[in-house]
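Chemist: As input, take start_2.cif (mmCIF, C-alpha atoms):
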data_input
#
loop_
_atom_site.label_atom_id
_atom_site.label_comp_id
_atom_site.auth_asym_id
_atom_site.auth_seq_id
_atom_site.Cartn_x
_atom_site.Cartn_y
_atom_site.Cartn_z
CA MET A 1 85.50 153.38 116.32
CA ASN A 2 87.52 155.92 114.32
CA VAL A 3 85.21 155.39 111.35
CA ILE A 4 82.15 156.10 113.52
CA LEU A 5 83.64 159.28 114.96
CA VAL A 6 84.71 160.62 111.58
CA PHE A 7 81.34 159.86 110.00
CA LEU A 8 79.31 161.35 112.85
CA ALA A 9 81.57 164.41 112.92
CA ALA A 10 80.93 164.95 109.22
CA ILE A 11 77.17 164.56 109.66
CA GLY A 12 77.22 166.92 112.66
CA ALA A 13 79.21 169.54 110.74
CA ILE A 14 76.75 169.43 107.84
CA ILE A 15 73.75 169.76 110.18
CA ILE A 16 75.33 172.66 112.10
CA TRP A 17 76.22 174.42 108.84
CA TRP A 18 72.64 174.04 107.59
CA LEU A 19 71.03 175.11 110.85
CA SER A 20 73.27 178.19 111.01
CA GLY A 21 71.51 179.54 107.96
CA GLN A 22 68.02 178.94 109.31
CA ARG A 23 65.81 180.83 111.77
CA LEU A 24 66.18 178.29 114.57
CA THR A 25 68.03 180.82 116.73
CA SER A 26 65.30 183.45 116.50
CA LYS A 27 63.00 184.29 119.43
CA PRO A 28 59.41 183.86 118.18
CA TRP A 29 57.97 185.22 121.44
CA LEU A 30 59.56 188.59 120.62
CA GLU A 31 58.04 188.69 117.13
CA THR A 32 54.59 190.09 116.51
CA GLY A 33 52.06 188.93 113.98
CA SER A 34 53.53 187.37 110.89
CA VAL A 35 56.54 189.69 110.68
CA GLN A 36 59.64 187.89 109.45
CA LEU A 37 63.12 188.85 110.49
CA PRO A 38 65.53 189.87 107.72
CA ASP A 39 68.66 187.85 107.18
CA HIS A 40 72.18 189.26 106.83
CA HIS A 41 71.46 190.23 103.20
CA GLY A 42 68.52 192.38 104.24
CA THR A 43 65.86 190.16 102.71
CA GLU A 44 63.11 188.40 104.61
CA ARG A 45 63.52 184.67 105.11
CA PRO A 46 60.49 182.42 105.67
CA PRO A 47 60.48 180.03 108.64
CA VAL A 48 61.91 176.55 108.14
CA PRO A 49 59.19 173.94 107.55
CA ALA A 50 58.98 171.42 110.36
CA VAL A 51 59.02 168.56 107.86
CA LYS A 52 62.42 169.72 106.60
CA ILE A 53 63.86 169.73 110.10
CA GLY A 54 62.36 166.28 110.60
CA LEU A 55 64.05 165.05 107.44
CA PHE A 56 67.45 166.22 108.62
CA VAL A 57 66.93 164.52 111.96
CA PHE A 58 65.94 161.32 110.16
CA LEU A 59 68.99 161.51 107.90
CA GLY A 60 71.17 161.94 110.96
CA VAL A 61 69.76 158.71 112.40
CA VAL A 62 70.22 156.91 109.07
CA GLY A 63 73.79 158.19 108.87
CA ALA A 64 74.51 156.85 112.35
CA LEU A 65 73.00 153.48 111.39
CA PHE A 66 75.19 153.13 108.32
CA SER A 67 78.27 154.33 110.20
CA LEU A 68 77.76 151.55 112.76
CA ALA A 69 77.30 149.00 109.97
CA VAL A 70 80.46 150.19 108.21
CA SER A 71 82.41 150.05 111.47
CA ALA A 72 81.22 146.47 112.00
CA TYR A 73 82.30 145.70 108.42
CA PHE A 74 85.86 146.88 109.13
CA MET A 75 86.08 144.94 112.38
CA ARG A 76 84.73 141.74 110.82
CA ALA A 77 87.01 142.07 107.79
CA ALA A 78 90.02 141.59 110.07
CA SER A 79 88.93 138.00 110.82
CA ALA A 80 90.66 135.00 109.28
CA ASP A 81 87.45 133.63 107.73
CA TRP A 82 86.88 136.75 105.62
CA TRP A 83 87.18 136.29 101.84
CA ALA A 84 86.56 139.39 99.78
CA MET A 85 84.02 138.94 97.00
CA PRO A 86 84.32 140.45 93.51
CA VAL A 87 82.51 143.66 92.66
CA PRO A 88 80.06 143.10 89.78
CA ARG A 89 80.65 145.42 86.84
CA LEU A 90 76.95 146.18 86.92
CA LEU A 91 77.49 148.19 90.11
CA TRP A 92 79.29 150.82 88.03
CA VAL A 93 76.21 151.20 85.84
CA ASN A 94 73.97 151.29 88.91
CA THR A 95 76.14 154.00 90.49
CA ALA A 96 75.86 156.10 87.33
CA ALA A 97 72.07 155.66 87.33
CA LEU A 98 71.78 156.80 90.95
CA ALA A 99 74.06 159.78 90.34
CA LEU A 100 72.01 160.82 87.30
CA SER A 101 68.80 160.44 89.33
CA SER A 102 70.21 162.75 91.99
CA ALA A 103 71.26 165.24 89.29
CA ALA A 104 67.79 165.09 87.74
CA LEU A 105 66.23 165.92 91.12
CA GLN A 106 68.57 168.87 91.49
CA TRP A 107 67.37 170.01 88.08
CA ALA A 108 63.76 169.52 89.19
CA LYS A 109 64.44 171.57 92.32
CA ARG A 110 65.70 174.46 90.21
CA GLU A 111 62.75 174.27 87.82
CA ALA A 112 60.26 174.14 90.68
CA GLY A 113 61.86 177.22 92.23
CA GLN A 114 61.49 179.12 88.98
CA GLY A 115 57.95 177.87 88.34
CA ARG A 116 58.71 176.15 85.04
CA MET A 117 56.27 173.24 85.10
CA GLU A 118 57.08 172.22 81.53
CA ASN A 119 60.64 171.34 82.64
CA LEU A 120 59.74 170.12 86.11
CA ARG A 121 57.69 167.19 84.85
CA PRO A 122 60.39 165.55 82.70
CA ALA A 123 62.98 166.15 85.42
CA LEU A 124 60.89 164.33 88.01
CA ALA A 125 60.06 161.53 85.59
CA ALA A 126 63.74 161.07 84.70
CA ALA A 127 64.74 160.99 88.38
CA PHE A 128 62.09 158.36 89.12
CA VAL A 129 62.99 156.12 86.17
CA LEU A 130 66.72 156.30 86.96
CA ALA A 131 66.15 155.47 90.64
CA VAL A 132 64.00 152.48 89.65
CA SER A 133 66.75 151.43 87.23
CA PHE A 134 69.22 151.53 90.12
CA LEU A 135 67.08 149.16 92.21
CA VAL A 136 66.53 146.81 89.27
CA GLY A 137 70.26 146.81 88.62
CA GLN A 138 71.00 146.01 92.26
CA VAL A 139 68.68 143.00 92.15
CA GLN A 140 70.34 141.85 88.93
CA ALA A 141 73.77 142.20 90.57
CA TRP A 142 72.54 139.99 93.41
CA ARG A 143 71.38 137.39 90.89
CA GLU A 144 74.73 137.42 89.12
CA LEU A 145 76.60 136.91 92.38
CA VAL A 146 74.33 134.07 93.50
CA ALA A 147 74.72 132.39 90.10
CA ALA A 148 78.49 132.64 90.51
CA GLY A 149 78.29 130.89 93.90
CA TYR A 150 78.54 133.91 96.22
CA VAL A 151 75.57 133.09 98.42
CA LEU A 152 74.51 134.85 101.59
CA VAL A 153 75.86 132.40 104.17
CA ASP A 154 79.03 131.38 102.32
CA ASN A 155 81.30 133.81 104.18
CA PRO A 156 80.96 137.02 106.24
CA ALA A 157 81.95 139.26 103.30
CA ASN A 158 78.96 138.00 101.31
CA SER A 159 76.62 138.52 104.26
CA PHE A 160 77.76 142.12 104.75
CA PHE A 161 77.44 142.88 101.04
CA TYR A 162 73.84 141.66 100.85
CA MET A 163 72.94 143.27 104.17
CA LEU A 164 74.37 146.71 103.35
CA THR A 165 73.11 146.84 99.77
CA GLY A 166 69.71 145.57 100.89
CA LEU A 167 69.46 148.16 103.66
CA HIS A 168 70.44 150.91 101.24
CA GLY A 169 67.94 149.62 98.68
CA LEU A 170 65.13 149.74 101.22
CA HIS A 171 65.89 153.39 101.91
CA ILE A 172 65.91 154.11 98.18
CA LEU A 173 62.56 152.35 97.88
CA GLY A 174 61.13 154.55 100.64
CA GLY A 175 62.33 157.66 98.85
CA LEU A 176 60.79 156.38 95.61
CA ALA A 177 57.37 156.23 97.25
CA VAL A 178 57.56 159.95 98.04
CA LEU A 179 59.03 160.79 94.65
CA ALA A 180 56.28 158.84 92.88
CA HIS A 181 53.62 160.82 94.75
CA THR A 182 55.33 164.10 93.86
CA THR A 183 55.66 163.09 90.21
CA VAL A 184 51.99 162.14 89.96
CA ARG A 185 51.03 165.52 91.45
CA ALA A 186 53.30 167.30 88.97
CA PHE A 187 51.50 165.68 86.04
CA SER A 188 48.13 166.81 87.38
CA THR A 189 46.65 169.66 85.39
CA ASP A 190 45.46 171.73 88.36
CA VAL A 191 48.62 171.92 90.49
CA ALA A 192 50.86 174.97 90.73
CA PRO A 193 54.67 174.68 90.87
CA GLU A 194 54.68 176.54 94.19
CA ARG A 195 52.80 173.66 95.81
CA LEU A 196 55.49 171.21 94.72
CA ARG A 197 58.58 173.15 95.78
CA LEU A 198 58.84 171.67 99.27
CA SER A 199 58.24 168.08 98.11
CA VAL A 200 60.80 168.40 95.33
CA ASP A 201 63.29 170.02 97.71
CA LEU A 202 62.91 167.22 100.26
CA SER A 203 63.23 164.55 97.57
CA ALA A 204 66.41 166.18 96.27
CA ILE A 205 67.98 166.36 99.73
CA TYR A 206 67.11 162.72 100.41
CA SER A 207 68.46 161.62 97.03
CA HIS A 208 71.76 163.45 97.50
CA PHE A 209 72.21 161.87 100.92
CA MET A 210 71.49 158.35 99.70
CA LEU A 211 73.89 158.88 96.80
CA ALA A 212 76.61 159.87 99.28
CA VAL A 213 75.89 156.75 101.36
CA TRP A 214 76.03 154.54 98.28
CA LEU A 215 79.35 156.05 97.14
CA LEU A 216 80.75 155.23 100.58
CA LEU A 217 79.46 151.65 100.35
CA PHE A 218 80.74 151.25 96.80
CA ALA A 219 84.19 152.43 97.87
CA LEU A 220 83.99 149.92 100.73
CA PHE A 221 83.17 146.99 98.47
CA ALA A 222 85.80 148.00 95.90
CA GLY A 223 88.49 148.13 98.58
CA TRP A 224 89.22 151.85 98.25
CA ALA A 225 87.93 152.57 101.75
CA ASN A 226 90.37 150.05 103.22
CA ASP A 227 93.26 151.81 101.51
CA PHE A 228 92.03 155.14 102.86
CA VAL A 229 91.78 153.80 106.40
CA ASP A 230 95.29 152.32 106.17
CA LEU A 231 96.59 155.69 104.96
CA CYS A 232 94.91 157.50 107.87
CA ARG A 233 96.39 155.02 110.35
CA THR A 234 99.83 155.52 108.84
CA LEU A 235 99.54 159.30 109.10
CA LEU A 236 98.29 159.12 112.70
CA ASN A 237 101.10 156.80 113.71
#
Produce structure tokens that represent the structure in this file.
Modeler:
Amino acid sequence: MNVILVFLAAIGAIIIWWLSGQRLTSKPWLETGSVQLPDHHGTERPPVPAVKIGLFVFLGVVGALFSLAVSAYFMRAASADWWAMPVPRLLWVNTAALALSSAALQWAKREAGQGRMENLRPALAAAFVLAVSFLVGQVQAWRELVAAGYVLVDNPANSFFYMLTGLHGLHILGGLAVLAHTTVRAFSTDVAPERLRLSVDLSAIYSHFMLAVWLLLFALFAGWANDFVDLCRTLLN
């Protein structure tokens, strides 16, 4: 339960911080025409796209889903039939690939904002290839574990590992579908960088979030999260 509360509090704080910088508190019925209200720096700020708000709501739901799964992991790990499984070395390589993919999307976001299409294309391509490499590496890690005898139904630790990594992989796969569409558009000869800014921005936000979720899961599988929870319990007691 403590894990759920801490995770949801962190997600809520991030959402409140982001919304505080948007125009969600404005009164559109008091505005006329297409006049935009200036922000505290004196510059006009465009309205927040509805799709961006929808993405943050979706990420909040995904965050709650993973927080519940992680909480169940901690509760089940206290059982006597729990045997921790080894962490494949390949997961370190996969983590690096996902982090580099997220960094490449941040680079693409900057290039799209500055209208540099010649740099935007390789940035998007690199992010896509690295994300695909992450998924391929995850499947290979599964194969290595199965070959070593760590099958799905052998013990609860194995089941949670395959369930959590599989759930995370499905979300990465969904993000790849959007990223692939954006990358194909970027390589079209008749598209302007301004038309790609929102798609690149959304892909970057999604990628950063899924990287944060994976780092949490990786710490869980490596045992670092257990040490952190034990430290928090010691401090609270």
Chemist: Any chance you could resolve the PyMOL selection byres ((chain A and resi 178-182) around 9) against this file and give the residues as a PyMOL selection string?
Modeler: chain A and resi 124-125+127-128+174-177+183-187+196+199-200+203
Chemist: One number please: CA of Val87 (chain A) to CA of Asn155 (chain A), in Å, one decimal.
Modeler: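 Spanning CA of Val87 (chain A) to CA of Asn155 (chain A) is a straight-line distance of 15.2 Å.
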Chemist: Kindly indicate which residue among A:Ala157, A:Met163, A:Leu198, A:Val191 lies nearest to Met75 (chain A), using all atoms listed in the file for the distances.
Modeler: A:Ala157
Chemist: How many Å lie between CA of Leu217 (chain A) and CA of Gly149 (chain A), rounded to one decimal?
Modeler: 21.8 Å
Chemist: Between CA of Trp142 (chain A) and CA of Phe161 (chain A), measure the distance and give it in Å to one decimal.
Modeler: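 So the two atoms, CA of Trp142 (chain A) and CA of Phe161 (chain A), lie 9.5 Å apart.
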Chemist: Name the residues in contact with Arg197 (chain A) at a cut-off of 10 Å, using all atoms listed in the file, excluding same-chain residues fewer than 2 positions from it; report them as a short mmCIF file (atom, residue, chain, number, x, y, z; two decimals) with C-alpha atoms, keeping the file's coordinate frame.
Modeler:
data_model
loop_
_atom_site.label_atom_id
_atom_site.label_comp_id
_atom_site.auth_asym_id
_atom_site.auth_seq_id
_atom_site.Cartn_x
_atom_site.Cartn_y
_atom_site.Cartn_z
CA ALA A 108 63.76 169.52 89.19
CA LYS A 109 64.44 171.57 92.32
CA ARG A 110 65.70 174.46 90.21
CA GLU A 111 62.75 174.27 87.82
CA ALA A 112 60.26 174.14 90.68
CA GLY A 113 61.86 177.22 92.23
CA GLN A 114 61.49 179.12 88.98
CA GLY A 115 57.95 177.87 88.34
CA THR A 182 55.33 164.10 93.86
CA ALA A 192 50.86 174.97 90.73
CA PRO A 193 54.67 174.68 90.87
CA GLU A 194 54.68 176.54 94.19
CA ARG A 195 52.80 173.66 95.81
CA SER A 199 58.24 168.08 98.11
CA VAL A 200 60.80 168.40 95.33
CA ASP A 201 63.29 170.02 97.71
CA LEU A 202 62.91 167.22 100.26
CA SER A 203 63.23 164.55 97.57
#
Chemist: What box, with edges along x, y and z, holds each listed atom of region 66-78 of chain A when 5 Å is added on every side, and can you state its centre and edge lengths in Å to one decimal, as AutoDock Vina command-line options?
Modeler:
--center_x 82.6 --center_y 148.0 --center_z 110.3 --size_x 24.8 --size_y 22.7 --size_z 15.0
Chemist: Run through the PyMOL selection byres ((chain A and resi 90-107) around 7) on the given coordinates and return the selected residues as a PyMOL selection string.
Modeler: chain A and resi 88-89+108-111+123-124+126-127+130-131+133-134+137-138+141+204+207-208+211
Chemist: Write a file of the just-selected residues containing C-alpha atoms, as a short mmCIF file (atom, residue, chain, number, x, y, z; two decimals), keeping the file's coordinate frame.
Modeler:
data_model
loop_
_atom_site.label_atom_id
_atom_site.label_comp_id
_atom_site.auth_asym_id
_atom_site.auth_seq_id
_atom_site.Cartn_x
_atom_site.Cartn_y
_atom_site.Cartn_z
CA PRO A 88 80.06 143.10 89.78
CA ARG A 89 80.65 145.42 86.84
CA ALA A 108 63.76 169.52 89.19
CA LYS A 109 64.44 171.57 92.32
CA ARG A 110 65.70 174.46 90.21
CA GLU A 111 62.75 174.27 87.82
CA ALA A 123 62.98 166.15 85.42
CA LEU A 124 60.89 164.33 88.01
CA ALA A 126 63.74 161.07 84.70
CA ALA A 127 64.74 160.99 88.38
CA LEU A 130 66.72 156.30 86.96
CA ALA A 131 66.15 155.47 90.64
CA SER A 133 66.75 151.43 87.23
CA PHE A 134 69.22 151.53 90.12
CA GLY A 137 70.26 146.81 88.62
CA GLN A 138 71.00 146.01 92.26
CA ALA A 141 73.77 142.20 90.57
CA ALA A 204 66.41 166.18 96.27
CA SER A 207 68.46 161.62 97.03
CA HIS A 208 71.76 163.45 97.50
CA LEU A 211 73.89 158.88 96.80
#
Chemist: Just the residues within 12 Å of Trp83 (chain A), please, counting all atoms listed in the file, with nothing from its chain fewer than 6 positions along; format it as number ranges by chain.
Modeler: A: 76-77, 150, 154-161, 221
Chemist: With all atoms listed in the file as the basis for distance, which of A:Leu170, A:Val136, A:Ala219, A:Ile205 is at the shortest distance from Leu55 (chain A)?
Modeler: A:Ile205
Chemist: Between A:Leu173, A:Val153, A:Val61, A:Leu164, which residue has the minimum interatomic distance to Trp82 (chain A), considering all atoms listed in the file?
Modeler: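 Among A:Leu173, A:Val153, A:Val61, A:Leu164, it is A:Val153 that comes nearest to Trp82 (chain A).
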Chemist: Given all atoms listed in the file as the basis, pick out the residue of A:Leu152, A:Gly54, A:Ile172, A:Thr165 nearest to Val139 (chain A).
Modeler: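 Among A:Leu152, A:Gly54, A:Ile172, A:Thr165, it is A:Thr165 that comes nearest to Val139 (chain A).
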Chemist: Just checking: using all atoms listed in the file, which residue out of A:Ser188, A:Ala212, A:Val48, A:Leu59 ends up closest to Arg121 (chain A)?
Modeler: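 Looking only at the distances to Arg121 (chain A), the closest residue turns out to be A:Ser188.
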